[in-house]
Amino acid sequence: MPITLTSSDDKSFSVDRLVIKHAGTIETLISTMGLEDSEEPSMPIPLPNVTSSVLQLVIEWLIQHKDDPVKEEKEDDGERRTDDIPQWDQDFLKDKPQSVLFDILLAANYLDIKGLMQTCCKTVANQIKGKTPEELRAHFNIKNDFTPEEEEQIRKENAWCEN
């Protein structure tokens with residue numbers, strides 16, 4: 001059964017029900033409305049927080065991962081890895097501008113797509129890994145509002161966590 005999703009800029013996307021299974025927000029909505037087994041076309045689901053360009057990318061990711069098991073919420077085992085991003089996901093996110101990557105991350109959070117959210121977070125983590133504060137400021141366009149004296153004081157206070 002196709003589901004129609006409508007972006008914030010009023011573009012509609014018809015998506016197969018099996019493709020959308022990773023989107024927890026939409027799954028919850030469908031089950032709450034009792035539409036799980038319905039063959040009737042449902043009314044469009046508005047997504048006011050997602051633009052059409054980002055929704056198109058999210059749907060592309062969902063189509064690629066439609067056969068993957070749905071990630072369940074699990075206990076935090078304390079281990080966080082960023083070197084286990086599947087190759088297709090790396091290629092998918094590799095050349096995206098930073099603003100698009102963050103928009104995809106926000107959409108994944110809004111739609112409760114755990115796999116996409118984890119992949120985006122790992123990608124951002126890999127981008128900042130090993131960078132100096134100055135490199136991070138340049139990468140994320142952050143203005144340095146510390147005086148040199150304040151910066152030195154912060155470095156002294158946090159010397160324990162360096163290296």
# chains A, B, ... in the order shown; residues from 1 in each chain; ligands from 1

call {"tool": "select_by_dssp", "arguments": {"residues": "stretch 14-138 of chain A", "states": "alpha helix (DSSP H)", "output": "compact mmCIF listing (two decimals) with N, CA, C and O atoms, in the first residue's frame"}}
result
# COMPACT_ATOMS: atom_id res chain seq x y z
N GLY A 24 9.83 5.63 12.36
CA GLY A 24 9.02 5.35 13.55
C GLY A 24 7.86 6.30 13.73
O GLY A 24 6.76 5.90 14.14
N THR A 25 8.05 7.57 13.41
CA THR A 25 6.99 8.57 13.56
C THR A 25 5.80 8.22 12.65
O THR A 25 4.65 8.24 13.09
N ILE A 26 6.08 7.87 11.42
CA ILE A 26 5.02 7.54 10.47
C ILE A 26 4.38 6.20 10.83
O ILE A 26 3.16 6.04 10.76
N GLU A 27 5.20 5.24 11.24
CA GLU A 27 4.68 3.94 11.67
C GLU A 27 3.71 4.10 12.84
O GLU A 27 2.64 3.49 12.87
N THR A 28 4.08 4.92 13.81
CA THR A 28 3.21 5.18 14.96
C THR A 28 1.91 5.83 14.51
O THR A 28 0.83 5.44 14.97
N LEU A 29 2.00 6.79 13.62
CA LEU A 29 0.81 7.47 13.11
C LEU A 29 -0.11 6.47 12.40
O LEU A 29 -1.32 6.46 12.63
N ILE A 30 0.45 5.63 11.57
CA ILE A 30 -0.34 4.65 10.82
C ILE A 30 -1.03 3.68 11.77
O ILE A 30 -2.22 3.39 11.63
N SER A 31 -0.29 3.19 12.76
CA SER A 31 -0.91 2.23 13.70
C SER A 31 -1.93 2.92 14.61
O SER A 31 -2.97 2.34 14.92
N THR A 32 -1.67 4.15 15.00
CA THR A 32 -2.62 4.90 15.83
C THR A 32 -3.94 5.13 15.09
O THR A 32 -5.02 5.06 15.68
N SER A 52 11.02 19.36 0.58
CA SER A 52 10.94 18.33 -0.45
C SER A 52 12.33 17.82 -0.85
O SER A 52 12.51 16.62 -1.07
N SER A 53 13.32 18.70 -0.91
CA SER A 53 14.66 18.25 -1.30
C SER A 53 15.24 17.28 -0.27
O SER A 53 15.87 16.28 -0.62
N VAL A 54 15.00 17.57 0.99
CA VAL A 54 15.49 16.69 2.06
C VAL A 54 14.65 15.41 2.11
O VAL A 54 15.20 14.31 2.26
N LEU A 55 13.35 15.53 1.95
CA LEU A 55 12.48 14.35 1.97
C LEU A 55 12.85 13.39 0.84
O LEU A 55 12.87 12.17 1.03
N GLN A 56 13.19 13.93 -0.31
CA GLN A 56 13.60 13.10 -1.43
C GLN A 56 14.86 12.30 -1.08
O GLN A 56 14.97 11.11 -1.37
N LEU A 57 15.81 12.94 -0.39
CA LEU A 57 17.03 12.24 0.04
C LEU A 57 16.72 11.18 1.09
O LEU A 57 17.27 10.08 1.07
N VAL A 58 15.84 11.52 2.03
CA VAL A 58 15.45 10.56 3.07
C VAL A 58 14.78 9.34 2.43
O VAL A 58 15.08 8.19 2.78
N ILE A 59 13.91 9.58 1.47
CA ILE A 59 13.23 8.47 0.79
C ILE A 59 14.24 7.62 0.02
O ILE A 59 14.15 6.39 0.03
N GLU A 60 15.21 8.27 -0.60
CA GLU A 60 16.27 7.53 -1.30
C GLU A 60 17.00 6.60 -0.32
O GLU A 60 17.26 5.43 -0.63
N TRP A 61 17.31 7.12 0.88
CA TRP A 61 17.98 6.30 1.89
C TRP A 61 17.06 5.15 2.34
O TRP A 61 17.52 4.01 2.48
N LEU A 62 15.77 5.46 2.54
CA LEU A 62 14.82 4.42 2.98
C LEU A 62 14.68 3.31 1.93
O LEU A 62 14.60 2.14 2.28
N ILE A 63 14.65 3.69 0.67
CA ILE A 63 14.54 2.68 -0.40
C ILE A 63 15.77 1.77 -0.37
O ILE A 63 15.65 0.55 -0.48
N GLN A 64 16.95 2.36 -0.21
CA GLN A 64 18.17 1.56 -0.16
C GLN A 64 18.17 0.59 1.02
O GLN A 64 18.72 -0.50 0.94
N GLN A 87 29.36 1.24 3.13
CA GLN A 87 29.92 1.98 2.00
C GLN A 87 28.86 2.80 1.26
O GLN A 87 29.09 3.94 0.88
N TRP A 88 27.68 2.21 1.04
CA TRP A 88 26.64 2.95 0.33
C TRP A 88 26.29 4.22 1.09
O TRP A 88 26.13 5.29 0.49
N ASP A 89 26.17 4.14 2.42
CA ASP A 89 25.84 5.31 3.23
C ASP A 89 26.96 6.35 3.18
O ASP A 89 26.69 7.55 3.12
N GLN A 90 28.20 5.89 3.20
CA GLN A 90 29.33 6.82 3.10
C GLN A 90 29.25 7.58 1.78
O GLN A 90 29.39 8.81 1.75
N ASP A 91 29.02 6.86 0.70
CA ASP A 91 28.93 7.50 -0.62
C ASP A 91 27.72 8.44 -0.70
O ASP A 91 27.80 9.51 -1.31
N PHE A 92 26.62 8.03 -0.09
CA PHE A 92 25.39 8.82 -0.11
C PHE A 92 25.59 10.18 0.58
O PHE A 92 25.12 11.21 0.10
N LEU A 93 26.31 10.19 1.69
CA LEU A 93 26.48 11.42 2.46
C LEU A 93 27.76 12.18 2.14
O LEU A 93 27.90 13.35 2.51
N LYS A 94 28.68 11.55 1.43
CA LYS A 94 30.03 12.08 1.23
C LYS A 94 30.06 13.50 0.67
O LYS A 94 30.74 14.37 1.21
N GLN A 98 27.35 20.65 4.21
CA GLN A 98 27.11 20.54 5.65
C GLN A 98 25.66 20.86 6.01
O GLN A 98 25.05 20.16 6.82
N SER A 99 25.09 21.89 5.40
CA SER A 99 23.71 22.28 5.72
C SER A 99 22.73 21.17 5.35
O SER A 99 21.77 20.91 6.08
N VAL A 100 22.98 20.49 4.24
CA VAL A 100 22.10 19.39 3.81
C VAL A 100 22.26 18.20 4.75
O VAL A 100 21.26 17.59 5.16
N LEU A 101 23.49 17.91 5.14
CA LEU A 101 23.73 16.82 6.09
C LEU A 101 22.96 17.06 7.38
O LEU A 101 22.30 16.16 7.90
N PHE A 102 23.02 18.28 7.90
CA PHE A 102 22.30 18.59 9.13
C PHE A 102 20.79 18.57 8.93
O PHE A 102 20.05 18.16 9.83
N ASP A 103 20.32 18.99 7.75
CA ASP A 103 18.88 18.90 7.47
C ASP A 103 18.41 17.44 7.41
O ASP A 103 17.32 17.11 7.89
N ILE A 104 19.24 16.57 6.83
CA ILE A 104 18.91 15.14 6.80
C ILE A 104 18.89 14.59 8.22
O ILE A 104 17.98 13.83 8.61
N LEU A 105 19.86 14.99 9.04
CA LEU A 105 19.91 14.56 10.43
C LEU A 105 18.67 15.00 11.19
O LEU A 105 18.05 14.22 11.91
N LEU A 106 18.26 16.24 11.00
CA LEU A 106 17.05 16.74 11.67
C LEU A 106 15.80 16.00 11.19
O LEU A 106 14.92 15.68 11.99
N ALA A 107 15.73 15.72 9.90
CA ALA A 107 14.58 14.98 9.36
C ALA A 107 14.56 13.56 9.91
O ALA A 107 13.50 13.04 10.28
N ALA A 108 15.74 12.92 10.00
CA ALA A 108 15.82 11.57 10.55
C ALA A 108 15.37 11.55 12.00
O ALA A 108 14.68 10.63 12.44
N ASN A 109 15.74 12.59 12.73
CA ASN A 109 15.30 12.69 14.13
C ASN A 109 13.79 12.89 14.21
O ASN A 109 13.10 12.20 14.96
N TYR A 110 13.28 13.81 13.42
CA TYR A 110 11.85 14.11 13.40
C TYR A 110 11.02 12.88 13.00
O TYR A 110 9.98 12.60 13.60
N LEU A 111 11.51 12.14 12.02
CA LEU A 111 10.78 10.97 11.53
C LEU A 111 11.14 9.69 12.30
O LEU A 111 10.59 8.63 12.01
N LYS A 114 16.09 5.71 13.04
CA LYS A 114 17.28 5.50 13.86
C LYS A 114 18.53 5.22 13.03
O LYS A 114 19.60 5.77 13.31
N GLY A 115 18.43 4.38 12.02
CA GLY A 115 19.60 4.03 11.21
C GLY A 115 20.18 5.24 10.49
O GLY A 115 21.41 5.43 10.46
N LEU A 116 19.33 6.06 9.92
CA LEU A 116 19.80 7.25 9.21
C LEU A 116 20.36 8.27 10.20
O LEU A 116 21.38 8.90 9.93
N MET A 117 19.73 8.40 11.34
CA MET A 117 20.21 9.33 12.35
C MET A 117 21.60 8.91 12.84
O MET A 117 22.51 9.74 12.94
N GLN A 118 21.78 7.62 13.11
CA GLN A 118 23.08 7.14 13.55
C GLN A 118 24.15 7.36 12.47
O GLN A 118 25.27 7.77 12.77
N THR A 119 23.79 7.09 11.23
CA THR A 119 24.73 7.27 10.13
C THR A 119 25.14 8.74 10.00
O THR A 119 26.33 9.04 9.82
N CYS A 120 24.19 9.65 10.10
CA CYS A 120 24.50 11.08 10.01
C CYS A 120 25.37 11.52 11.20
O CYS A 120 26.35 12.26 11.00
N CYS A 121 25.05 11.06 12.39
CA CYS A 121 25.84 11.42 13.57
C CYS A 121 27.27 10.90 13.44
O CYS A 121 28.23 11.60 13.78
N LYS A 122 27.43 9.68 12.97
CA LYS A 122 28.77 9.12 12.78
C LYS A 122 29.54 9.90 11.72
O LYS A 122 30.75 10.12 11.86
N THR A 123 28.85 10.33 10.68
CA THR A 123 29.50 11.11 9.63
C THR A 123 30.00 12.44 10.18
O THR A 123 31.14 12.84 9.91
N VAL A 124 29.18 13.11 10.98
CA VAL A 124 29.59 14.37 11.60
C VAL A 124 30.75 14.12 12.57
O VAL A 124 31.72 14.87 12.59
N ALA A 125 30.66 13.05 13.35
CA ALA A 125 31.73 12.72 14.29
C ALA A 125 33.05 12.51 13.55
O ALA A 125 34.11 12.97 13.99
N ASN A 126 32.98 11.82 12.40
CA ASN A 126 34.19 11.59 11.61
C ASN A 126 34.75 12.90 11.05
O ASN A 126 35.96 13.04 10.88
N GLN A 127 33.87 13.85 10.75
CA GLN A 127 34.31 15.14 10.22
C GLN A 127 35.08 15.94 11.27
O GLN A 127 35.98 16.70 10.93
N ILE A 128 34.72 15.80 12.55
CA ILE A 128 35.35 16.62 13.59
C ILE A 128 36.48 15.90 14.31
O ILE A 128 37.26 16.53 15.01
N PRO A 133 40.57 23.16 17.80
CA PRO A 133 39.46 24.12 17.94
C PRO A 133 39.37 25.10 16.77
O PRO A 133 38.29 25.43 16.31
N GLU A 134 40.52 25.53 16.27
CA GLU A 134 40.54 26.48 15.16
C GLU A 134 39.98 25.83 13.89
O GLU A 134 39.22 26.45 13.14
N GLU A 135 40.37 24.57 13.65
CA GLU A 135 39.86 23.85 12.48
C GLU A 135 38.36 23.62 12.59
O GLU A 135 37.64 23.71 11.60
N LEU A 136 37.89 23.33 13.81
CA LEU A 136 36.45 23.15 14.01
C LEU A 136 35.68 24.44 13.77
O LEU A 136 34.61 24.42 13.16
N ARG A 137 36.24 25.54 14.24
CA ARG A 137 35.59 26.84 13.99
C ARG A 137 35.48 27.11 12.50
O ARG A 137 34.45 27.56 12.01
N ALA A 138 36.55 26.82 11.78
CA ALA A 138 36.54 27.04 10.33
C ALA A 138 35.55 26.10 9.65
O ALA A 138 34.77 26.52 8.78

call {"tool": "closest_residue", "arguments": {"among": "A:Pro46, A:Val70, A:Glu151, A:Val19", "to": "A:Thr6", "atoms": "only C-alpha atoms"}}
result
A:Pro46

call {"tool": "atom_distance", "arguments": {"atom1": "atom CA of A:Lys96", "atom2": "atom CA of A:Lys71"}}
result
24.2 Å

call {"tool": "atom_distance", "arguments": {"atom1": "atom CA of A:Thr132", "atom2": "atom CA of A:Trp160"}}
result
15.9 Å

call {"tool": "select_by_dssp", "arguments": {"residues": "stretch 7-130 of chain A", "states": "strand (DSSP E)", "output": "list of chain:residue names"}}
result
A:Ser12, A:Phe13, A:Ser14, A:Val15, A:Asp16, A:Ile45, A:Pro46

call {"tool": "closest_residue", "arguments": {"among": "A:Ser12, A:Ile45, A:Asp68, A:Thr51", "to": "A:Met33", "atoms": "only C-alpha atoms"}}
result
A:Ile45

call {"tool": "atom_distance", "arguments": {"atom1": "atom CA of A:Leu47", "atom2": "atom CA of A:His22"}}
result
15.6 Å

call {"tool": "closest_residue", "arguments": {"among": "A:Ala23, A:Ile3, A:Val15, A:Cys161", "to": "A:Pro44", "atoms": "only C-alpha atoms"}}
result
A:Ile3
